[in-house]
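To start, the structure itself, in structure tokens.
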Amino acid sequence: MAKVHFIAIGGSVMHQLAIALRNKGYTVSGSDDEIFEPARSNLAAAGVLPADMGWDPARITPDLDAVILGMHARADNPELQQAQSLGLRIYSFPEYIYQESRDKTRVAIGGSHGKTTITAMIMHVLQQCHRRFDYLVGARLEGFAQSVNVTDAPLIVCEADEYPASVLEKRPKFHFLHPQIAVLSGIAWDHINVFPTFENYLEQFAIFIRTMEPGGKLIYNHTDTALRDLVAKEAGHLDCIPYEVPEHTIINGHTRVRFGNASTDLMVFGAHNLLNIHAALHVCRTLGIGDIDFLAAIATFKGAAKRMELVARNEQTAIYRDFAHAPSKVKATIQALRNQYPDRKLIAVLELHTYSSLNAGFMVQYAGALDPADVAAVFYSGHALEIKRMPYLEPEVIREGFARKDLTVLTEKKKLEQFLDKQDLHNTNLLMMSSGDYEGLDFGGLKKYLSV
């Protein structure tokens, strides 16, 4: 069995791969300068938690079959330098996933939004249909002990990220997966610290399409103009399958979807999730799962963690938490809740937490994003700006970017809590959107705002 060492083993996905390889029978070691929960407990339970924190070149020995390099390892990392001097095989996370899945059918789910949810939907259906498969997904999913699994299964389903693979390999992660079946959910400019122009960002998707094997299946969101044009230009060598929002109805806050003569009620909602379901359906059809079986399985899909996650509800109020942070995700999420409950007031709070969202020059991309909300607020912390070494962001710049003069701008958790305390949630939905945690806001405590 292989002997593998992880540099920066504590990453949210890296440590999951380490555990998966240990479960496969590999000899696994690792190092990191700091490991947080839940990675620390997960690694300890699997017997692969480093005995000491920090970097030690002595851990890098000539008998290693592979060294896997985590995202936050720097180019001058002493273990990396030792591996290079010994001529060992060094992989980024996605490069290694490809090595483990060369003989499998590879399904990759890419795009600027919906990747995690589409991947989770496919995984849920495959599990319900008792299919053997490996997977890589960027969130905690009900029914799955890990977010990465690598076995001898004939199929792997991967969430395919466009972010750079490692400090050595600057190309996007999804360029290394070489899938036979791929989904592209849409293209909306993101990661401006890596891709400074939309054209540069778009080119990464063009490369992904060009490098797919001839005859591969590309399932793409036909409602996205930029993606549709790109597919027409670059995907002549592929079997292209367009998808759009499928036929559906919304009655009393419940969504029912129909494909042909078959239909089912759903536990998720919103046009973006209906698009996601249609993409997942096409993947599952390609893998030999019939529509009836697909619908029976998708009816029990509750969603990935922090994706329109229901925090609390009663007959007249619901509180949701969502991972939305990029402009396209914010627009889709807030519109979904507005459409699902057209007669309820909607209060939306968005935390600006990423490099792109905290960039004054990018703020105009959010124009109109919060318009469907009756009451809207944006929260950001000075601490987040400090960590990213970014300049102070004027509240007026945010109001102008969002093109909403009545927008409440908050910069302290205490002020956010005071804002929430003042809101009347009678016949109202509250939507909290962020890829962060509002400086440690107690989401369970939001239940106190339910109307009595």
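Ordering of the structure tokens sets the chain letters (A, B, ...); residue numbers start at 1 within each chain; ligands are numbered from 1 in the order shown.
Backbone DSSP of stretch 180-282 of chain A yields strand (DSSP E) at A:Ile181, A:Ala182, A:Val183, A:Leu184, A:Lys217, A:Leu218, A:Ile219, A:Tyr220, A:Asn221, A:Asp239, A:Cys240, A:Ile241, A:Pro242, A:Tyr243, A:Glu247, A:His248, A:Thr249, A:Ile250, A:Ile251, A:His254, A:Thr255, A:Arg256, A:Val257, A:Arg258, A:Phe259, A:Ala262, A:Ser263, A:Thr264, A:Asp265.
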Tell me, as number ranges by chain, which residues lie within 12 Å of A:Tyr96, counting only C-alpha atoms; anything in the same chain fewer than 3 positions away does not count. A: 4-6, 14, 17-18, 21, 65-70, 89-93, 99-102, 150, 165-166, 173, 176-177
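Taking stretch 171-230 of chain A and asking which residues DSSP calls alpha helix (DSSP H) on the backbone, you get Phe198, Glu199, Asn200, Tyr201, Leu202, Glu203, Gln204, Phe205, Ala206, Ile207, Phe208, Ile209, Arg210, Thr225, Ala226, Leu227, Arg228, Asp229 and Leu230 of chain A.
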Produce a file of the selected residues containing N, CA, C and O atoms, as a PDB file, in the first residue's frame.
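The resulting file, again34.pdb, is reproduced below:
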```pdb
ATOM      1  N   PHE A 198     -12.859  39.820 -15.793  1.00  0.00           N
ATOM      2  CA  PHE A 198     -13.845  38.794 -16.146  1.00  0.00           C
ATOM      3  C   PHE A 198     -13.310  37.913 -17.274  1.00  0.00           C
ATOM      4  O   PHE A 198     -13.524  36.701 -17.291  1.00  0.00           O
ATOM      5  N   GLU A 199     -12.592  38.526 -18.226  1.00  0.00           N
ATOM      6  CA  GLU A 199     -12.058  37.773 -19.363  1.00  0.00           C
ATOM      7  C   GLU A 199     -11.080  36.694 -18.888  1.00  0.00           C
ATOM      8  O   GLU A 199     -11.074  35.564 -19.409  1.00  0.00           O
ATOM      9  N   ASN A 200     -10.258  37.047 -17.910  1.00  0.00           N
ATOM     10  CA  ASN A 200      -9.305  36.090 -17.361  1.00  0.00           C
ATOM     11  C   ASN A 200     -10.033  34.941 -16.656  1.00  0.00           C
ATOM     12  O   ASN A 200      -9.654  33.770 -16.774  1.00  0.00           O
ATOM     13  N   TYR A 201     -11.093  35.290 -15.929  1.00  0.00           N
ATOM     14  CA  TYR A 201     -11.918  34.299 -15.234  1.00  0.00           C
ATOM     15  C   TYR A 201     -12.608  33.384 -16.247  1.00  0.00           C
ATOM     16  O   TYR A 201     -12.602  32.151 -16.105  1.00  0.00           O
ATOM     17  N   LEU A 202     -13.177  33.972 -17.284  1.00  0.00           N
ATOM     18  CA  LEU A 202     -13.884  33.216 -18.317  1.00  0.00           C
ATOM     19  C   LEU A 202     -12.958  32.212 -19.004  1.00  0.00           C
ATOM     20  O   LEU A 202     -13.360  31.085 -19.329  1.00  0.00           O
ATOM     21  N   GLU A 203     -11.710  32.619 -19.217  1.00  0.00           N
ATOM     22  CA  GLU A 203     -10.754  31.759 -19.899  1.00  0.00           C
ATOM     23  C   GLU A 203     -10.511  30.453 -19.141  1.00  0.00           C
ATOM     24  O   GLU A 203     -10.253  29.407 -19.757  1.00  0.00           O
ATOM     25  N   GLN A 204     -10.634  30.485 -17.818  1.00  0.00           N
ATOM     26  CA  GLN A 204     -10.424  29.258 -17.037  1.00  0.00           C
ATOM     27  C   GLN A 204     -11.486  28.214 -17.376  1.00  0.00           C
ATOM     28  O   GLN A 204     -11.195  27.010 -17.431  1.00  0.00           O
ATOM     29  N   PHE A 205     -12.703  28.662 -17.621  1.00  0.00           N
ATOM     30  CA  PHE A 205     -13.779  27.750 -18.006  1.00  0.00           C
ATOM     31  C   PHE A 205     -13.595  27.265 -19.440  1.00  0.00           C
ATOM     32  O   PHE A 205     -13.907  26.117 -19.763  1.00  0.00           O
ATOM     33  N   ALA A 206     -13.068  28.143 -20.285  1.00  0.00           N
ATOM     34  CA  ALA A 206     -12.781  27.741 -21.663  1.00  0.00           C
ATOM     35  C   ALA A 206     -11.737  26.621 -21.685  1.00  0.00           C
ATOM     36  O   ALA A 206     -11.879  25.629 -22.425  1.00  0.00           O
ATOM     37  N   ILE A 207     -10.707  26.754 -20.862  1.00  0.00           N
ATOM     38  CA  ILE A 207      -9.667  25.722 -20.780  1.00  0.00           C
ATOM     39  C   ILE A 207     -10.262  24.415 -20.273  1.00  0.00           C
ATOM     40  O   ILE A 207      -9.958  23.328 -20.789  1.00  0.00           O
ATOM     41  N   PHE A 208     -11.109  24.503 -19.270  1.00  0.00           N
ATOM     42  CA  PHE A 208     -11.764  23.309 -18.734  1.00  0.00           C
ATOM     43  C   PHE A 208     -12.531  22.569 -19.834  1.00  0.00           C
ATOM     44  O   PHE A 208     -12.425  21.344 -19.973  1.00  0.00           O
ATOM     45  N   ILE A 209     -13.290  23.309 -20.646  1.00  0.00           N
ATOM     46  CA  ILE A 209     -14.068  22.696 -21.721  1.00  0.00           C
ATOM     47  C   ILE A 209     -13.144  22.109 -22.785  1.00  0.00           C
ATOM     48  O   ILE A 209     -13.329  20.966 -23.224  1.00  0.00           O
ATOM     49  N   ARG A 210     -12.132  22.869 -23.192  1.00  0.00           N
ATOM     50  CA  ARG A 210     -11.223  22.428 -24.260  1.00  0.00           C
ATOM     51  C   ARG A 210     -10.489  21.138 -23.897  1.00  0.00           C
ATOM     52  O   ARG A 210     -10.191  20.320 -24.784  1.00  0.00           O
ATOM     53  N   THR A 225     -26.079  33.424 -20.197  1.00  0.00           N
ATOM     54  CA  THR A 225     -25.659  33.895 -21.525  1.00  0.00           C
ATOM     55  C   THR A 225     -24.174  33.697 -21.755  1.00  0.00           C
ATOM     56  O   THR A 225     -23.754  33.216 -22.823  1.00  0.00           O
ATOM     57  N   ALA A 226     -23.352  34.076 -20.783  1.00  0.00           N
ATOM     58  CA  ALA A 226     -21.898  33.949 -20.938  1.00  0.00           C
ATOM     59  C   ALA A 226     -21.497  32.494 -21.134  1.00  0.00           C
ATOM     60  O   ALA A 226     -20.656  32.173 -21.990  1.00  0.00           O
ATOM     61  N   LEU A 227     -22.117  31.596 -20.372  1.00  0.00           N
ATOM     62  CA  LEU A 227     -21.810  30.177 -20.490  1.00  0.00           C
ATOM     63  C   LEU A 227     -22.310  29.619 -21.813  1.00  0.00           C
ATOM     64  O   LEU A 227     -21.606  28.847 -22.478  1.00  0.00           O
ATOM     65  N   ARG A 228     -23.509  30.010 -22.203  1.00  0.00           N
ATOM     66  CA  ARG A 228     -24.072  29.532 -23.463  1.00  0.00           C
ATOM     67  C   ARG A 228     -23.164  29.911 -24.641  1.00  0.00           C
ATOM     68  O   ARG A 228     -22.899  29.090 -25.528  1.00  0.00           O
ATOM     69  N   ASP A 229     -22.683  31.142 -24.631  1.00  0.00           N
ATOM     70  CA  ASP A 229     -21.792  31.598 -25.714  1.00  0.00           C
ATOM     71  C   ASP A 229     -20.473  30.829 -25.691  1.00  0.00           C
ATOM     72  O   ASP A 229     -19.919  30.485 -26.746  1.00  0.00           O
ATOM     73  N   LEU A 230     -19.972  30.570 -24.496  1.00  0.00           N
ATOM     74  CA  LEU A 230     -18.702  29.847 -24.378  1.00  0.00           C
ATOM     75  C   LEU A 230     -18.829  28.417 -24.879  1.00  0.00           C
ATOM     76  O   LEU A 230     -17.936  27.911 -25.578  1.00  0.00           O
TER      77      LEU A 230
END
```
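Closest to A:Thr317 among A:Leu266, A:Tyr449, A:Thr408, A:Leu281 is A:Tyr449, based on only C-alpha atoms.
We find atom CA of A:Val125 and atom CA of A:His237 to be spaced 28.9 Å apart.
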Residue neighbourhood A:Gln81, 12 Å, only C-alpha atoms, exclusion window fewer than 6 positions, as a PyMOL selection string: chain A and resi 7+55-60+67+69+73-75+87-88+90+168
Give me a file of those residues, with N, CA, C and O atoms, as an mmCIF file, in the first residue's frame.
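And here is the file that came out, result.cif:
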```
data_model
loop_
_atom_site.group_PDB
_atom_site.id
_atom_site.type_symbol
_atom_site.label_atom_id
_atom_site.label_comp_id
_atom_site.auth_asym_id
_atom_site.auth_seq_id
_atom_site.Cartn_x
_atom_site.Cartn_y
_atom_site.Cartn_z
ATOM 1 N N ILE A 7 1.414 17.865 3.604
ATOM 2 C CA ILE A 7 1.928 19.127 4.130
ATOM 3 C C ILE A 7 0.742 20.082 4.233
ATOM 4 O O ILE A 7 0.097 20.375 3.228
ATOM 5 N N TRP A 55 6.715 22.418 11.237
ATOM 6 C CA TRP A 55 7.278 21.746 10.057
ATOM 7 C C TRP A 55 8.608 21.103 10.426
ATOM 8 O O TRP A 55 9.426 21.703 11.131
ATOM 9 N N ASP A 56 8.853 19.905 9.939
ATOM 10 C CA ASP A 56 10.086 19.185 10.235
ATOM 11 C C ASP A 56 10.524 18.419 8.988
ATOM 12 O O ASP A 56 9.880 17.431 8.602
ATOM 13 N N PRO A 57 11.607 18.839 8.347
ATOM 14 C CA PRO A 57 12.071 18.155 7.125
ATOM 15 C C PRO A 57 12.360 16.668 7.330
ATOM 16 O O PRO A 57 12.313 15.896 6.361
ATOM 17 N N ALA A 58 12.629 16.269 8.577
ATOM 18 C CA ALA A 58 12.917 14.857 8.850
ATOM 19 C C ALA A 58 11.715 13.963 8.558
ATOM 20 O O ALA A 58 11.870 12.741 8.394
ATOM 21 N N ARG A 59 10.525 14.544 8.511
ATOM 22 C CA ARG A 59 9.324 13.751 8.192
ATOM 23 C C ARG A 59 9.306 13.327 6.715
ATOM 24 O O ARG A 59 8.564 12.415 6.336
ATOM 25 N N ILE A 60 10.083 14.007 5.893
ATOM 26 C CA ILE A 60 10.076 13.744 4.451
ATOM 27 C C ILE A 60 11.193 12.767 4.133
ATOM 28 O O ILE A 60 12.384 13.114 4.149
ATOM 29 N N VAL A 67 3.705 13.166 -1.874
ATOM 30 C CA VAL A 67 3.563 14.276 -0.936
ATOM 31 C C VAL A 67 2.430 15.137 -1.458
ATOM 32 O O VAL A 67 2.448 15.562 -2.628
ATOM 33 N N LEU A 69 0.296 18.565 -1.153
ATOM 34 C CA LEU A 69 0.560 19.924 -0.688
ATOM 35 C C LEU A 69 -0.735 20.690 -0.472
ATOM 36 O O LEU A 69 -1.521 20.868 -1.393
ATOM 37 N N ALA A 73 0.241 26.045 2.578
ATOM 38 C CA ALA A 73 1.686 25.834 2.651
ATOM 39 C C ALA A 73 2.389 26.823 1.721
ATOM 40 O O ALA A 73 2.006 26.991 0.565
ATOM 41 N N ARG A 74 3.430 27.469 2.234
ATOM 42 C CA ARG A 74 4.157 28.457 1.439
ATOM 43 C C ARG A 74 5.259 27.790 0.619
ATOM 44 O O ARG A 74 5.673 26.662 0.889
ATOM 45 N N ALA A 75 5.760 28.527 -0.370
ATOM 46 C CA ALA A 75 6.796 27.988 -1.253
ATOM 47 C C ALA A 75 8.093 27.698 -0.506
ATOM 48 O O ALA A 75 8.884 26.842 -0.927
ATOM 49 N N GLY A 87 13.401 14.759 -4.875
ATOM 50 C CA GLY A 87 12.776 14.380 -6.139
ATOM 51 C C GLY A 87 11.497 13.578 -5.974
ATOM 52 O O GLY A 87 11.144 12.780 -6.859
ATOM 53 N N LEU A 88 10.816 13.764 -4.856
ATOM 54 C CA LEU A 88 9.577 13.024 -4.614
ATOM 55 C C LEU A 88 8.438 13.564 -5.467
ATOM 56 O O LEU A 88 8.465 14.717 -5.910
ATOM 57 N N ILE A 90 5.185 15.300 -5.918
ATOM 58 C CA ILE A 90 4.440 16.287 -5.137
ATOM 59 C C ILE A 90 3.158 16.623 -5.887
ATOM 60 O O ILE A 90 3.200 16.980 -7.068
ATOM 61 N N LEU A 168 2.450 25.846 -5.530
ATOM 62 C CA LEU A 168 3.272 25.467 -6.679
ATOM 63 C C LEU A 168 2.475 25.453 -7.970
ATOM 64 O O LEU A 168 3.000 25.759 -9.041
#
```
Give me, as a PyMOL selection string, all polymer residues having an atom no more than 8 Å from A:Ala299, counting only C-alpha atoms and skipping those fewer than 2 positions away in the same chain. chain A and resi 264-267+295-297+301
Mind writing the picked residues with N, CA, C and O atoms as a PDB file, in the first residue's frame?
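Produced file again.pdb, reproduced below:
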```pdb
ATOM      1  N   THR A 264     -42.784  15.367  -8.222  1.00  0.00           N
ATOM      2  CA  THR A 264     -42.633  15.152  -6.789  1.00  0.00           C
ATOM      3  C   THR A 264     -42.530  16.483  -6.063  1.00  0.00           C
ATOM      4  O   THR A 264     -42.111  17.491  -6.641  1.00  0.00           O
ATOM      5  N   ASP A 265     -42.922  16.483  -4.792  1.00  0.00           N
ATOM      6  CA  ASP A 265     -42.696  17.649  -3.934  1.00  0.00           C
ATOM      7  C   ASP A 265     -41.245  17.661  -3.467  1.00  0.00           C
ATOM      8  O   ASP A 265     -40.626  16.601  -3.306  1.00  0.00           O
ATOM      9  N   LEU A 266     -40.726  18.861  -3.222  1.00  0.00           N
ATOM     10  CA  LEU A 266     -39.328  19.029  -2.835  1.00  0.00           C
ATOM     11  C   LEU A 266     -39.204  19.614  -1.436  1.00  0.00           C
ATOM     12  O   LEU A 266     -40.099  20.318  -0.965  1.00  0.00           O
ATOM     13  N   MET A 267     -38.059  19.352  -0.805  1.00  0.00           N
ATOM     14  CA  MET A 267     -37.755  19.961   0.483  1.00  0.00           C
ATOM     15  C   MET A 267     -36.906  21.221   0.316  1.00  0.00           C
ATOM     16  O   MET A 267     -36.682  21.954   1.279  1.00  0.00           O
ATOM     17  N   LEU A 295     -36.510  11.052  -9.012  1.00  0.00           N
ATOM     18  CA  LEU A 295     -37.477  11.892  -8.311  1.00  0.00           C
ATOM     19  C   LEU A 295     -37.805  11.349  -6.921  1.00  0.00           C
ATOM     20  O   LEU A 295     -37.964  12.119  -5.966  1.00  0.00           O
ATOM     21  N   ALA A 296     -37.883  10.029  -6.791  1.00  0.00           N
ATOM     22  CA  ALA A 296     -38.145   9.437  -5.481  1.00  0.00           C
ATOM     23  C   ALA A 296     -37.025   9.788  -4.508  1.00  0.00           C
ATOM     24  O   ALA A 296     -37.266  10.045  -3.319  1.00  0.00           O
ATOM     25  N   ALA A 297     -35.800   9.827  -5.007  1.00  0.00           N
ATOM     26  CA  ALA A 297     -34.657  10.136  -4.151  1.00  0.00           C
ATOM     27  C   ALA A 297     -34.552  11.628  -3.863  1.00  0.00           C
ATOM     28  O   ALA A 297     -34.337  12.044  -2.719  1.00  0.00           O
ATOM     29  N   PHE A 301     -34.179  15.094  -0.402  1.00  0.00           N
ATOM     30  CA  PHE A 301     -32.953  15.880  -0.287  1.00  0.00           C
ATOM     31  C   PHE A 301     -33.224  17.163   0.493  1.00  0.00           C
ATOM     32  O   PHE A 301     -34.064  17.973   0.107  1.00  0.00           O
TER      33      PHE A 301
END
```
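Closest approach to A:Ala348 among A:Thr428, A:Thr249, A:Thr27, A:Gln316: A:Thr428, based on only C-alpha atoms.
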Pick from A:Gly216, A:Gly54, A:Gly401, A:Gly444 nearest to A:Leu310, counting only C-alpha atoms: A:Gly444
Counting only C-alpha atoms, closest pick from A:Asn221, A:Gln418, A:Ser85, A:Asn359 relative to A:Tyr392 is A:Asn359
I'd like the contact shell of A:Asp293 - 12 Å cut-off, only C-alpha atoms, skipping same-chain residues fewer than 5 positions apart - returned as a ChimeraX atom specification. /A:124-130,262-264,281,284-285,288,298-300
Test item: residues at most 7 Å from A:Ser147, only C-alpha atoms, excluding those fewer than 5 positions along its chain, as a PyMOL selection string: chain A and resi 16+136-140
Please produce a file of the residues just selected, as an mmCIF file, in the first residue's frame, where the atoms kept are N, CA and C atoms.
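Result file is part.cif:
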```cif
data_model
loop_
_atom_site.group_PDB
_atom_site.id
_atom_site.type_symbol
_atom_site.label_atom_id
_atom_site.label_comp_id
_atom_site.auth_asym_id
_atom_site.auth_seq_id
_atom_site.Cartn_x
_atom_site.Cartn_y
_atom_site.Cartn_z
ATOM 1 N N GLN A 16 -9.807 15.549 5.318
ATOM 2 C CA GLN A 16 -10.781 14.520 4.936
ATOM 3 C C GLN A 16 -10.157 13.521 3.958
ATOM 4 N N LEU A 136 -16.051 13.863 -3.629
ATOM 5 C CA LEU A 136 -15.352 15.014 -3.082
ATOM 6 C C LEU A 136 -16.337 16.178 -3.105
ATOM 7 N N VAL A 137 -16.676 16.700 -1.924
ATOM 8 C CA VAL A 137 -17.664 17.773 -1.847
ATOM 9 C C VAL A 137 -17.239 18.753 -0.760
ATOM 10 N N GLY A 138 -17.569 20.017 -0.939
ATOM 11 C CA GLY A 138 -17.069 21.058 -0.050
ATOM 12 C C GLY A 138 -17.963 21.412 1.113
ATOM 13 N N ALA A 139 -18.770 20.498 1.588
ATOM 14 C CA ALA A 139 -19.652 20.801 2.716
ATOM 15 C C ALA A 139 -20.000 19.512 3.456
ATOM 16 N N ARG A 140 -20.480 19.693 4.664
ATOM 17 C CA ARG A 140 -20.965 18.544 5.434
ATOM 18 C C ARG A 140 -22.343 18.153 4.901
#
```
For A:Ile35: contacts at 8 Å, only C-alpha atoms, fewer than 5 positions along chain excluded, given as a list in words: Gly10, Gly11 and Arg40 of chain A
Output file for the selection above: C-alpha atoms, as a short mmCIF file (atom, residue, chain, number, x, y, z; two decimals), in the first residue's frame:
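Wrote selection_13.cif, looks like this:
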```cif
data_model
loop_
_atom_site.label_atom_id
_atom_site.label_comp_id
_atom_site.auth_asym_id
_atom_site.auth_seq_id
_atom_site.Cartn_x
_atom_site.Cartn_y
_atom_site.Cartn_z
CA GLY A 10 -5.40 20.48 8.75
CA GLY A 11 -7.33 22.01 5.85
CA ARG A 40 -8.17 18.20 14.98
#
```
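Residue nearest A:Ala403 within the list A:Met390, A:Val194, A:Leu441, A:Val364: A:Val364 [criterion: smallest interatomic distance, only C-alpha atoms].
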In terms of the shortest atom-to-atom distance over only C-alpha atoms, which of A:Leu410, A:Phe269, A:Leu431, A:Pro196 is closest to A:Ile251? A:Phe269
